[in-house]
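Have a look at target-v8.csv below; it lists CSV, C-alpha atoms and all ligand atoms.
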chain,number,residue,atom,x,y,z
A,1071,MET,CA,0.0,0.0,0.0
A,1072,ILE,CA,1.4,3.4,-1.0
A,1073,PRO,CA,-0.7,6.4,0.3
A,1074,LEU,CA,-1.1,9.7,-1.6
A,1075,CYS,CA,0.2,11.5,1.5
A,1076,ASP,CA,1.6,10.1,4.7
A,1077,VAL,CA,1.5,12.4,7.7
A,1078,ASN,CA,2.3,9.6,10.2
A,1079,LEU,CA,5.7,9.1,8.6
A,1080,GLN,CA,6.5,12.8,9.0
A,1081,HIS,CA,5.3,12.8,12.6
A,1082,ALA,CA,7.2,9.6,13.5
A,1083,SER,CA,10.6,11.3,12.9
A,1084,ILE,CA,9.8,14.1,15.4
A,1085,MET,CA,7.4,12.4,17.7
A,1086,SER,CA,9.2,13.1,21.0
A,1087,GLU,CA,9.4,16.9,20.1
A,1088,LEU,CA,5.7,16.9,19.2
A,1089,GLN,CA,4.7,15.2,22.5
A,1090,GLU,CA,6.9,17.6,24.5
A,1091,ALA,CA,5.2,20.6,22.8
A,1092,MET,CA,1.7,19.2,23.4
A,1093,GLN,CA,2.5,18.4,27.0
A,1094,ARG,CA,3.8,22.0,27.5
A,1095,VAL,CA,0.6,23.5,26.2
A,1096,LEU,CA,-1.6,21.1,28.2
A,1097,GLU,CA,0.2,22.0,31.4
A,1098,SER,CA,0.3,25.8,30.6
A,1099,GLY,CA,-3.5,26.1,31.1
A,1100,ARG,CA,-3.5,28.6,28.2
A,1101,TYR,CA,-5.1,27.3,25.0
A,1102,ILE,CA,-6.0,30.2,22.7
A,1103,LEU,CA,-3.9,33.1,21.4
A,1104,GLY,CA,-1.1,32.7,23.9
A,1105,PRO,CA,2.7,32.7,23.7
A,1106,GLU,CA,2.9,29.7,21.3
A,1107,VAL,CA,0.7,31.5,18.7
A,1108,LYS,CA,2.7,34.7,19.1
A,1109,GLN,CA,6.0,33.0,18.5
A,1110,PHE,CA,4.7,30.9,15.7
A,1111,GLU,CA,3.3,34.0,14.0
A,1112,GLN,CA,6.8,35.6,14.2
A,1113,GLU,CA,8.5,32.5,13.0
A,1114,VAL,CA,6.3,32.1,9.9
A,1115,ALA,CA,6.6,35.9,9.1
A,1116,ASP,CA,10.4,35.5,9.2
A,1117,TYR,CA,10.3,32.3,7.2
A,1118,CYS,CA,8.2,33.9,4.5
A,1119,GLY,CA,10.0,37.3,4.6
A,1120,VAL,CA,7.0,39.4,5.6
A,1121,ARG,CA,6.5,41.8,8.5
A,1122,TYR,CA,3.2,40.5,10.1
A,1123,ALA,CA,1.3,37.3,10.6
A,1124,VAL,CA,-2.1,36.6,12.2
A,1125,GLY,CA,-2.9,33.1,13.3
A,1126,LEU,CA,-6.5,32.1,12.4
A,1127,ASN,CA,-8.8,29.1,12.4
A,1128,SER,CA,-8.3,28.1,8.8
A,1129,GLY,CA,-7.1,29.2,5.4
A,1130,THR,CA,-10.7,29.8,4.4
A,1131,ASP,CA,-11.0,32.4,7.2
A,1132,ALA,CA,-7.7,34.0,6.1
A,1133,LEU,CA,-9.1,34.5,2.6
A,1134,HIS,CA,-12.4,35.8,4.0
A,1135,LEU,CA,-10.8,38.2,6.5
A,1136,ALA,CA,-8.2,39.4,3.9
A,1137,LEU,CA,-11.1,40.6,1.7
A,1138,ARG,CA,-12.9,42.1,4.7
A,1139,ALA,CA,-9.8,44.0,5.7
A,1140,LEU,CA,-9.5,45.5,2.2
A,1141,ASP,CA,-13.2,46.6,2.3
A,1142,ILE,CA,-14.2,44.5,-0.6
A,1143,GLY,CA,-18.0,43.9,-0.7
A,1144,PRO,CA,-21.2,44.0,-2.7
A,1145,GLY,CA,-20.8,45.5,-6.2
A,1146,ASP,CA,-17.1,44.6,-6.3
A,1147,GLU,CA,-15.4,42.1,-8.5
A,1148,VAL,CA,-12.5,39.8,-7.5
A,1149,ILE,CA,-10.5,38.0,-10.2
A,1150,THR,CA,-9.3,34.4,-9.7
A,1151,THR,CA,-8.8,31.0,-11.3
A,1152,PRO,CA,-11.6,28.5,-11.9
A,1153,PHE,CA,-9.1,25.7,-11.2
A,1154,THR,CA,-8.8,25.8,-7.4
A,1155,PHE,CA,-10.3,24.6,-4.2
A,1156,VAL,CA,-13.7,26.1,-3.5
A,1157,ALA,CA,-12.5,28.1,-0.5
A,1158,THR,CA,-11.0,30.7,-2.9
A,1159,THR,CA,-14.4,31.7,-4.3
A,1160,GLU,CA,-16.3,31.0,-1.0
A,1161,ALA,CA,-14.3,33.9,0.5
A,1162,ILE,CA,-15.3,36.2,-2.4
A,1163,LEU,CA,-19.0,35.2,-1.9
A,1164,MET,CA,-18.8,35.6,1.9
A,1165,VAL,CA,-18.1,39.3,1.5
A,1166,GLY,CA,-20.8,39.7,-1.1
A,1167,ALA,CA,-18.5,40.3,-4.0
A,1168,LYS,CA,-18.5,38.6,-7.5
A,1169,PRO,CA,-15.9,36.1,-8.6
A,1170,VAL,CA,-14.6,36.7,-12.1
A,1171,PHE,CA,-12.5,33.9,-13.6
A,1172,VAL,CA,-9.4,34.0,-15.8
A,1173,ASP,CA,-8.5,30.7,-17.5
A,1174,ILE,CA,-5.3,28.8,-16.5
A,1175,HIS,CA,-2.1,28.1,-18.4
A,1176,LEU,CA,-2.1,24.3,-19.1
A,1177,ASP,CA,1.6,23.9,-18.5
A,1178,THR,CA,1.6,25.2,-14.9
A,1179,TYR,CA,-2.2,24.9,-14.0
A,1180,ASN,CA,-2.0,28.5,-12.7
A,1181,LEU,CA,-3.9,31.6,-13.7
A,1182,ASP,CA,-2.7,32.8,-17.2
A,1183,ALA,CA,-1.3,36.3,-16.6
A,1184,ALA,CA,-1.6,37.0,-20.3
A,1185,GLN,CA,-5.4,36.7,-20.1
A,1186,LEU,CA,-5.7,38.8,-16.9
A,1187,ALA,CA,-5.9,42.4,-18.2
A,1188,ALA,CA,-8.9,41.7,-20.4
A,1189,LYS,CA,-11.0,40.8,-17.3
A,1190,ILE,CA,-10.4,44.0,-15.4
A,1191,THR,CA,-13.3,46.4,-15.1
A,1192,PRO,CA,-13.9,49.5,-13.1
A,1193,ARG,CA,-15.5,47.2,-10.4
A,1194,THR,CA,-12.4,45.0,-10.1
A,1195,LYS,CA,-11.0,45.4,-6.6
A,1196,ALA,CA,-8.7,42.5,-6.1
A,1197,ILE,CA,-6.9,39.5,-7.8
A,1198,ILE,CA,-6.5,36.3,-5.9
A,1199,PRO,CA,-3.7,34.2,-7.7
A,1200,VAL,CA,-3.6,30.7,-6.3
A,1201,HIS,CA,-0.2,29.0,-6.3
A,1202,LEU,CA,-1.7,25.7,-7.2
A,1203,TYR,CA,0.0,22.4,-6.3
A,1204,GLY,CA,2.8,24.5,-4.7
A,1205,GLN,CA,4.0,26.3,-7.8
A,1206,PRO,CA,4.1,30.2,-7.7
A,1207,CYS,CA,2.1,32.0,-10.3
A,1208,ASP,CA,3.8,34.5,-12.6
A,1209,MET,CA,3.8,37.1,-9.9
A,1210,PRO,CA,6.0,39.7,-11.6
A,1211,ALA,CA,3.5,39.8,-14.5
A,1212,ILE,CA,0.4,39.8,-12.1
A,1213,MET,CA,1.8,42.5,-9.8
A,1214,ALA,CA,2.7,44.7,-12.8
A,1215,ILE,CA,-0.9,44.6,-14.1
A,1216,ALA,CA,-2.4,45.0,-10.6
A,1217,GLU,CA,-0.2,48.1,-9.9
A,1218,GLN,CA,-1.1,49.6,-13.3
A,1219,HIS,CA,-4.8,49.4,-12.4
A,1220,GLY,CA,-4.6,50.1,-8.7
A,1221,ILE,CA,-5.9,46.6,-7.7
A,1222,HIS,CA,-5.0,44.6,-4.6
A,1223,VAL,CA,-3.4,41.2,-4.9
A,1224,VAL,CA,-4.2,38.6,-2.2
A,1225,GLU,CA,-2.2,35.5,-2.7
A,1226,ASP,CA,-3.8,32.1,-1.9
A,1227,CYS,CA,-0.7,30.3,-0.5
A,1228,ALA,CA,-2.7,27.4,1.0
A,1229,GLN,CA,-0.6,24.9,-1.1
A,1230,SER,CA,2.6,26.8,-1.4
A,1231,ILE,CA,4.3,27.6,1.9
A,1232,GLY,CA,8.1,27.8,1.2
A,1233,ALA,CA,7.8,28.2,-2.5
A,1234,SER,CA,9.7,31.1,-4.0
A,1235,LEU,CA,10.1,33.1,-7.2
A,1236,GLN,CA,13.3,35.1,-7.9
A,1237,SER,CA,14.3,34.4,-4.2
A,1238,GLN,CA,11.1,36.0,-2.9
A,1239,LYS,CA,8.8,33.7,-1.0
A,1240,ALA,CA,5.3,33.1,-2.3
A,1241,GLY,CA,3.1,35.2,0.0
A,1242,ALA,CA,5.5,38.1,0.0
A,1243,PHE,CA,4.3,39.7,-3.3
A,1244,GLY,CA,0.7,40.9,-2.7
A,1245,ILE,CA,-0.7,43.2,-0.1
A,1246,CYS,CA,-1.5,40.1,1.9
A,1247,SER,CA,-1.5,36.3,1.6
A,1248,CYS,CA,-3.3,33.4,3.1
A,1249,LEU,CA,-1.9,30.1,4.5
A,1250,SER,CA,-3.7,26.9,5.4
A,1251,PHE,CA,-2.3,24.4,7.9
A,1252,PHE,CA,-5.0,21.8,7.1
A,1253,PRO,CA,-3.3,18.5,8.1
A,1254,SER,CA,-2.4,17.4,4.5
A,1255,LYS,CA,-0.8,20.7,3.5
A,1256,ASN,CA,3.0,21.0,3.3
A,1257,LEU,CA,2.9,22.4,6.8
A,1258,GLY,CA,0.0,20.6,8.4
A,1259,ALA,CA,-1.5,21.0,11.9
A,1260,ILE,CA,-3.3,18.2,13.8
A,1261,GLY,CA,-6.6,19.9,13.1
A,1262,ASP,CA,-7.8,23.1,11.3
A,1263,ALA,CA,-5.5,26.2,11.3
A,1264,GLY,CA,-4.6,29.1,9.0
A,1265,MET,CA,-2.8,32.4,8.9
A,1266,LEU,CA,-2.8,35.7,7.1
A,1267,LEU,CA,0.6,37.3,6.2
A,1268,THR,CA,1.1,41.0,5.3
A,1269,ASN,CA,3.6,43.8,5.2
A,1270,ASP,CA,0.8,46.3,5.6
A,1271,SER,CA,0.3,47.5,9.2
A,1272,GLU,CA,-3.4,48.5,8.6
A,1273,VAL,CA,-4.4,45.2,7.1
A,1274,TYR,CA,-2.5,43.5,10.0
A,1275,SER,CA,-4.3,45.4,12.8
A,1276,ARG,CA,-7.7,45.1,11.1
A,1277,VAL,CA,-7.5,41.3,10.7
A,1278,GLU,CA,-6.1,41.0,14.2
A,1279,MET,CA,-9.2,42.7,15.4
A,1280,LEU,CA,-11.7,40.9,13.1
A,1281,ARG,CA,-10.4,37.5,14.4
A,1282,ARG,CA,-11.5,38.4,17.9
A,1283,HIS,CA,-15.1,39.5,17.4
A,1284,GLY,CA,-14.1,42.8,15.9
A,1285,GLY,CA,-12.7,44.3,19.0
A,1286,ARG,CA,-9.2,45.5,20.1
A,1287,VAL,CA,-10.1,45.7,23.8
A,1288,LYS,CA,-12.1,42.9,25.4
A,1289,TYR,CA,-15.8,43.5,25.4
A,1290,TYR,CA,-15.6,46.6,23.2
A,1291,HIS,CA,-16.5,45.9,19.6
A,1292,GLU,CA,-15.8,48.2,16.7
A,1293,GLU,CA,-17.3,46.2,13.9
A,1294,LEU,CA,-18.8,42.8,12.9
A,1295,GLY,CA,-16.0,40.3,13.5
A,1296,VAL,CA,-15.7,36.5,13.8
A,1297,ASN,CA,-14.3,34.0,16.1
A,1298,SER,CA,-11.2,32.8,14.2
A,1299,ARG,CA,-8.3,32.4,16.7
A,1300,LEU,CA,-5.4,29.9,16.4
A,1301,ASP,CA,-5.1,27.4,19.2
A,1302,GLU,CA,-2.0,27.1,21.3
A,1303,LEU,CA,-1.9,23.4,20.7
A,1304,GLN,CA,-1.8,23.8,16.9
A,1305,ALA,CA,0.8,26.6,17.1
A,1306,ALA,CA,3.1,24.5,19.3
A,1307,VAL,CA,2.8,21.5,17.0
A,1308,LEU,CA,3.3,23.7,13.9
A,1309,ARG,CA,6.4,25.3,15.4
A,1310,VAL,CA,8.1,21.9,15.7
A,1311,LYS,CA,7.1,21.0,12.1
A,1312,LEU,CA,8.1,24.4,10.7
A,1313,ARG,CA,11.7,23.5,11.6
A,1314,GLU,CA,11.5,20.5,9.2
A,1315,LEU,CA,9.6,22.3,6.4
A,1316,SER,CA,12.5,23.3,4.1
A,1317,ASN,CA,13.9,19.8,4.3
A,1318,TRP,CA,10.5,18.2,3.5
A,1319,ASN,CA,10.0,20.7,0.6
A,1320,GLU,CA,13.4,19.8,-0.9
A,1321,GLN,CA,12.5,16.1,-0.7
A,1322,ARG,CA,9.2,16.8,-2.5
A,1323,ARG,CA,11.0,18.7,-5.3
A,1324,SER,CA,13.6,15.9,-5.8
A,1325,LEU,CA,10.8,13.4,-5.9
A,1326,ALA,CA,8.9,15.5,-8.6
A,1327,TYR,CA,12.0,15.8,-10.7
A,1328,ALA,CA,12.6,12.0,-10.4
A,1329,TYR,CA,9.0,11.3,-11.5
A,1330,ASN,CA,9.6,13.7,-14.5
A,1331,VAL,CA,12.7,11.6,-15.5
A,1332,GLU,CA,10.8,8.4,-15.3
A,1333,PHE,CA,7.8,9.7,-17.2
A,1334,ALA,CA,9.9,11.4,-19.9
A,1335,ALA,CA,9.7,8.3,-22.2
A,1336,VAL,CA,5.9,7.9,-21.7
A,1337,PRO,CA,4.1,10.1,-24.2
A,1338,GLU,CA,0.7,9.3,-22.7
A,1339,VAL,CA,1.7,11.1,-19.5
A,1340,THR,CA,2.0,14.9,-19.4
A,1341,CYS,CA,4.3,16.0,-16.5
A,1342,PRO,CA,3.9,19.3,-14.7
A,1343,SER,CA,6.1,22.1,-16.0
A,1344,GLU,CA,7.8,24.9,-14.1
A,1345,LEU,CA,7.9,28.5,-15.1
A,1346,ARG,CA,11.4,29.7,-15.9
A,1347,ASP,CA,12.0,33.2,-17.1
A,1348,GLY,CA,8.7,33.4,-18.9
A,1349,THR,CA,8.9,29.9,-20.5
A,1350,ASN,CA,7.7,26.6,-19.2
A,1351,TYR,CA,10.0,23.7,-18.7
A,1352,ILE,CA,9.8,20.2,-17.3
A,1353,PRO,CA,12.8,19.9,-14.9
A,1354,ARG,CA,14.7,16.7,-14.4
A,1355,LEU,CA,16.7,15.5,-11.4
A,1356,GLY,CA,19.8,17.6,-11.0
A,1357,ASP,CA,18.3,20.7,-12.7
A,1358,GLU,CA,18.6,23.6,-10.4
A,1359,ASN,CA,16.0,26.3,-11.0
A,1360,SER,CA,17.1,29.5,-9.4
A,1361,PHE,CA,14.2,31.5,-10.9
A,1362,LEU,CA,11.4,29.5,-9.3
A,1363,LYS,CA,11.1,26.9,-6.5
A,1364,SER,CA,7.9,24.9,-6.5
A,1365,VAL,CA,7.1,23.0,-3.3
A,1366,TYR,CA,5.0,20.3,-5.0
A,1367,HIS,CA,2.1,20.1,-2.7
A,1368,GLN,CA,0.8,17.8,-5.3
A,1369,TYR,CA,2.6,16.0,-8.2
A,1370,THR,CA,-0.1,16.2,-10.9
A,1371,ILE,CA,0.0,14.7,-14.3
A,1372,LEU,CA,-2.4,14.8,-17.2
A,1373,VAL,CA,-3.6,11.5,-18.8
A,1374,GLU,CA,-6.3,10.9,-21.4
A,1375,ASP,CA,-8.1,7.9,-20.1
A,1376,ARG,CA,-8.0,8.8,-16.4
A,1377,ASP,CA,-10.6,6.4,-15.2
A,1378,ALA,CA,-8.6,3.4,-16.4
A,1379,VAL,CA,-5.4,4.7,-14.8
A,1380,VAL,CA,-7.2,5.4,-11.5
A,1381,LYS,CA,-8.6,1.9,-11.6
A,1382,SER,CA,-5.2,0.4,-12.2
A,1383,LEU,CA,-3.7,2.4,-9.3
A,1384,GLN,CA,-6.5,1.3,-7.0
A,1385,ASP,CA,-6.1,-2.3,-7.9
A,1386,ASP,CA,-2.4,-2.0,-7.0
A,1387,ASP,CA,-3.2,-0.3,-3.7
A,1388,ILE,CA,-1.6,3.0,-4.7
A,1389,GLY,CA,-3.1,6.3,-3.6
A,1390,CYS,CA,-4.1,8.9,-6.1
A,1391,ALA,CA,-6.6,11.8,-6.2
A,1392,ILE,CA,-8.3,14.2,-8.6
A,1393,TYR,CA,-7.7,17.9,-7.6
A,1394,TYR,CA,-10.2,19.1,-8.9
A,1395,PRO,CA,-12.7,17.2,-11.0
A,1396,VAL,CA,-15.1,20.1,-11.6
A,1397,PRO,CA,-13.8,23.6,-12.3
A,1398,LEU,CA,-15.5,26.3,-10.2
A,1399,HIS,CA,-17.4,28.0,-13.0
A,1400,LEU,CA,-19.3,24.7,-13.6
A,1401,GLN,CA,-20.2,24.1,-9.9
A,1402,LYS,CA,-23.8,24.5,-8.9
A,1403,LEU,CA,-22.6,27.0,-6.3
A,1404,HIS,CA,-21.7,29.4,-9.2
A,1405,ALA,CA,-24.7,28.7,-11.5
A,1406,ASP,CA,-25.8,32.3,-11.2
A,1407,LEU,CA,-22.6,33.4,-13.0
A,1408,GLU,CA,-24.1,31.6,-16.1
A,1409,LEU,CA,-20.7,30.5,-17.4
A,1410,PRO,CA,-21.4,27.5,-19.7
A,1411,VAL,CA,-19.1,24.6,-20.6
A,1412,GLY,CA,-16.4,26.0,-22.9
A,1413,SER,CA,-16.0,29.2,-21.0
A,1414,PHE,CA,-12.6,28.2,-19.7
A,1415,PRO,CA,-11.3,25.5,-22.0
A,1416,ASN,CA,-7.9,25.0,-20.3
A,1417,ALA,CA,-9.4,24.6,-16.8
A,1418,GLU,CA,-11.9,22.2,-18.2
A,1419,PHE,CA,-9.2,20.2,-20.1
A,1420,ALA,CA,-7.1,19.9,-16.9
A,1421,ALA,CA,-10.1,19.0,-14.7
A,1422,ALA,CA,-11.0,16.1,-17.0
A,1423,ARG,CA,-7.4,14.7,-17.1
A,1424,CYS,CA,-5.5,15.7,-13.9
A,1425,LEU,CA,-4.3,13.0,-11.6
A,1426,SER,CA,-2.2,13.6,-8.5
A,1427,LEU,CA,0.2,10.8,-7.6
A,1428,PRO,CA,1.8,9.9,-4.2
A,1429,MET,CA,3.9,12.9,-3.0
A,1430,PHE,CA,5.3,13.2,0.5
A,1431,ALA,CA,8.7,13.5,2.2
A,1432,GLY,CA,9.9,10.0,2.9
A,1433,LEU,CA,8.4,8.3,-0.1
A,1434,SER,CA,11.1,5.8,-1.1
A,1435,SER,CA,12.6,5.5,-4.6
A,1436,GLU,CA,11.2,1.9,-4.7
A,1437,GLN,CA,7.8,3.1,-3.9
A,1438,ARG,CA,8.1,5.9,-6.5
A,1439,GLN,CA,9.2,3.3,-9.1
A,1440,GLN,CA,6.2,1.1,-8.2
A,1441,VAL,CA,3.9,4.1,-8.8
A,1442,VAL,CA,5.5,4.8,-12.2
A,1443,SER,CA,5.4,1.2,-13.4
A,1444,CYS,CA,1.7,1.0,-12.5
A,1445,VAL,CA,0.9,4.1,-14.4
A,1446,LYS,CA,3.0,2.9,-17.4
A,1447,ARG,CA,1.2,-0.5,-17.4
A,1448,ALA,CA,-2.2,1.3,-17.3
A,1449,VAL,CA,-1.5,3.6,-20.2
A,1450,ALA,CA,0.1,0.7,-22.2
A,1451,LYS,CA,-3.1,-1.4,-21.7
A,1452,ILE,CA,-5.2,1.6,-22.8
A,1453,SER,CA,-3.2,2.1,-26.0
A,1454,THR,CA,-3.4,-1.6,-27.0
A,1455,ALA,CA,-7.0,-2.0,-26.1
A,1501,LIG,C1,-6.8,24.1,1.5
A,1501,LIG,C2,-7.0,25.3,0.6
A,1501,LIG,C3,-7.8,26.4,1.1
A,1501,LIG,C4,-8.5,26.4,2.4
A,1501,LIG,O1,-7.8,26.1,3.5
A,1501,LIG,P1,-8.5,25.5,4.9
A,1501,LIG,O2,-7.5,25.7,5.9
A,1501,LIG,O3,-8.9,24.1,4.6
A,1501,LIG,O4,-9.7,26.4,5.1
A,1501,LIG,C5,-7.9,27.5,0.3
A,1501,LIG,N1,-7.3,27.5,-0.9
A,1501,LIG,C6,-6.7,26.4,-1.4
A,1501,LIG,C7,-6.1,26.5,-2.8
A,1501,LIG,C8,-6.5,25.3,-0.7
A,1501,LIG,O5,-5.9,24.2,-1.2
Will you turn the file into structure tokens for me?
Ligand SMILES: *Cc1c(COP(=O)(O)O)cnc(C)c1O
Amino acid sequence: MIPLCDVNLQHASIMSELQEAMQRVLESGRYILGPEVKQFEQEVADYCGVRYAVGLNSGTDALHLALRALDIGPGDEVITTPFTFVATTEAILMVGAKPVFVDIHLDTYNLDAAQLAAKITPRTKAIIPVHLYGQPCDMPAIMAIAEQHGIHVVEDCAQSIGASLQSQKAGAFGICSCLSFFPSKNLGAIGDAGMLLTNDSEVYSRVEMLRRHGGRVKYYHEELGVNSRLDELQAAVLRVKLRELSNWNEQRRSLAYAYNVEFAAVPEVTCPSELRDGTNYIPRLGDENSFLKSVYHQYTILVEDRDAVVKSLQDDDIGCAIYYPVPLHLQKLHADLELPVGSFPNAEFAAARCLSLPMFAGLSSEQRQQVVSCVKRAVAKISTA
């Protein structure tokens, strides 16, 4: 059995430190927004190269509160990708704004910056680029367009903590950015947790207030807030895991490059490309990319007859997953946008063919080769059938 993602394996290597951290919190008697959260916020801010961090209940809350802090609401439009997790557009709907989609680039699965300017209207207030599967979007291009039009950029970094572009960390480009510590993310808690990052002191203090029922002083409330505070227990666990993150991310990248080498001779499999100086490129083991460092939250290939490949992997007890089978513009949730099939052909193409393969620090090369031979056997069967 090879799982898609194995958090137990990660935890096993640091179990005594995790237990010590949990014990420390249990005995402290302080469980919400205490010293662990404060230190974790500072450590993540330093790690990502930003000034401020606010610990929250989830990545979804981080997106929601980012838009609240930027005063985005009814009548406003927010541009994003249709090929992402639903939380991205949920946040837009929660503040009463309208999501406007830009199609993806098929090589990187990320919002295609070349199609962005055409979607900007006088109502556009923000762009939410999603660094999908851990690969940073083309941020220099997106920031240039946003600055030209005076539009905010809120980065959805739920899948990309530690990724970088031209030595700048994902999450340090826009006015603010949103992290998720959902257990299966590259830096995962043992429950729900999230964070907002920003260099802007006003956004920082507004989100810091919103997370605590909209008040800076206890029992004095300035505006409608929410309860979205990070637990001490989660912060203490995440602090231990943060120390391992760079190492784990390096392992993920090597694993992805090794998969690329093994799939190079398999024309039925399209490997994920990386953006390098404006072009897209499939890196191999040993290729150093100083322009961009993806953290491969997922290793996602495209295959034509996906159902047959999934079946073959399942028969061999190998984990795989489809992120995401239905692009957001075709979800019932967004029926009122009246965007028919064909509106975003690249997102639809990817949604019909994408398949994520086992990807986690500690996956052995034998296991990886087993995954590759299973996929190879499946596509060979399909082409001779
Ligand atoms: C996981 C995820 C979120 C939401 O994070 P939660 O912590 O689960 O609320 C948002 N956007 C993307 C792209 C994600 O993958």
Could you list, as an MDAnalysis selection string, all the residues within 9 Å of ligand LIG 1501 (chain A), counting only C-alpha atoms and all ligand atoms? chainID A and resid 1127:1133 1153:1159 1200:1203 1226:1230 1248:1255 1262:1265
Taking the point (0.0, 46.7, -11.1) as given in the file, collect each protein or nucleic acid residue that comes within 12 Å of it, counting only C-alpha atoms, and present the set as a count of residues only. 25
Counting only C-alpha atoms, figure out which residue out of A:Glu1358, A:Asp1387, A:Glu1160, A:Glu1113 gets nearest to Leu1135 (chain A). A:Glu1160
What does the structure give for the distance between CA of Met1429 (chain A) and CA of Tyr1351 (chain A), in Å to one decimal?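 Taking CA of Met1429 (chain A) as the start and CA of Tyr1351 (chain A) as the end point, the length is 20.0 Å.
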Near-Gly1348 (chain A) list (12 Å; all atoms listed in the file; drop same-chain fewer than 3 positions) as a CSV table (one decimal) with C-alpha atoms, in the coordinates of the input:
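Dumped everything to out-v8.csv:
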chain,number,residue,atom,x,y,z
A,1177,ASP,CA,1.6,23.9,-18.5
A,1178,THR,CA,1.6,25.2,-14.9
A,1182,ASP,CA,-2.7,32.8,-17.2
A,1183,ALA,CA,-1.3,36.3,-16.6
A,1184,ALA,CA,-1.6,37.0,-20.3
A,1207,CYS,CA,2.1,32.0,-10.3
A,1208,ASP,CA,3.8,34.5,-12.6
A,1209,MET,CA,3.8,37.1,-9.9
A,1210,PRO,CA,6.0,39.7,-11.6
A,1211,ALA,CA,3.5,39.8,-14.5
A,1235,LEU,CA,10.1,33.1,-7.2
A,1343,SER,CA,6.1,22.1,-16.0
A,1344,GLU,CA,7.8,24.9,-14.1
A,1345,LEU,CA,7.9,28.5,-15.1
A,1351,TYR,CA,10.0,23.7,-18.7
A,1361,PHE,CA,14.2,31.5,-10.9
A,1362,LEU,CA,11.4,29.5,-9.3
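Residue nearest Ile1198 (chain A), chosen from A:Thr1150, A:Val1172, A:Met1164, A:Asp1116 and counting only C-alpha atoms: A:Thr1150.
Nearest to Ala1391 (chain A) of all the residues A:Gln1440, A:Pro1073, A:Gly1432, A:Glu1097 is A:Pro1073, based on all atoms listed in the file.
Nearest to Arg1423 (chain A) of all the residues A:Val1411, A:Ala1188, A:Leu1303, A:Val1380 is A:Val1380, based on all atoms listed in the file.
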Polymer residues at most 8 Å from Glu1293 (chain A), only C-alpha atoms, same-chain spacing of 6 or more positions, as a list in words: Leu1280, His1283, Gly1284 and Gly1285 of chain A
Could you pull the residues within 7 Å of region 1085-1095 of chain A, counting all atoms listed in the file, minus those fewer than 5 positions along the same chain, as a VMD selection string? chain A and resid 1100 to 1101 1302 to 1303 1306 to 1307 1310
Got time to write the residues from that selection, C-alpha atoms, as an mmCIF file, in the frame of the given file?
data_model
loop_
_atom_site.group_PDB
_atom_site.id
_atom_site.type_symbol
_atom_site.label_atom_id
_atom_site.label_comp_id
_atom_site.auth_asym_id
_atom_site.auth_seq_id
_atom_site.Cartn_x
_atom_site.Cartn_y
_atom_site.Cartn_z
ATOM 1 C CA ARG A 1100 -3.500 28.600 28.200
ATOM 2 C CA TYR A 1101 -5.100 27.300 25.000
ATOM 3 C CA GLU A 1302 -2.000 27.100 21.300
ATOM 4 C CA LEU A 1303 -1.900 23.400 20.700
ATOM 5 C CA ALA A 1306 3.100 24.500 19.300
ATOM 6 C CA VAL A 1307 2.800 21.500 17.000
ATOM 7 C CA VAL A 1310 8.100 21.900 15.700
#
Figure out the distance between CA of Leu1103 (chain A) and CA of Arg1138 (chain A), please, to one decimal in Å.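 Atom-to-atom, CA of Arg1138 (chain A) and CA of Leu1103 (chain A) are spaced 21.0 Å apart.
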What's the 7 Å shell around Gly1166 (chain A), counting all atoms listed in the file, without same-chain residues fewer than 4 positions away, as a compact mmCIF listing (two decimals) with C-alpha atoms, keeping the file's coordinate frame?
# COMPACT_ATOMS: atom_id res chain seq x y z
CA GLY A 1143 -18.00 43.90 -0.70
CA PRO A 1144 -21.20 44.00 -2.70
CA ILE A 1162 -15.30 36.20 -2.40
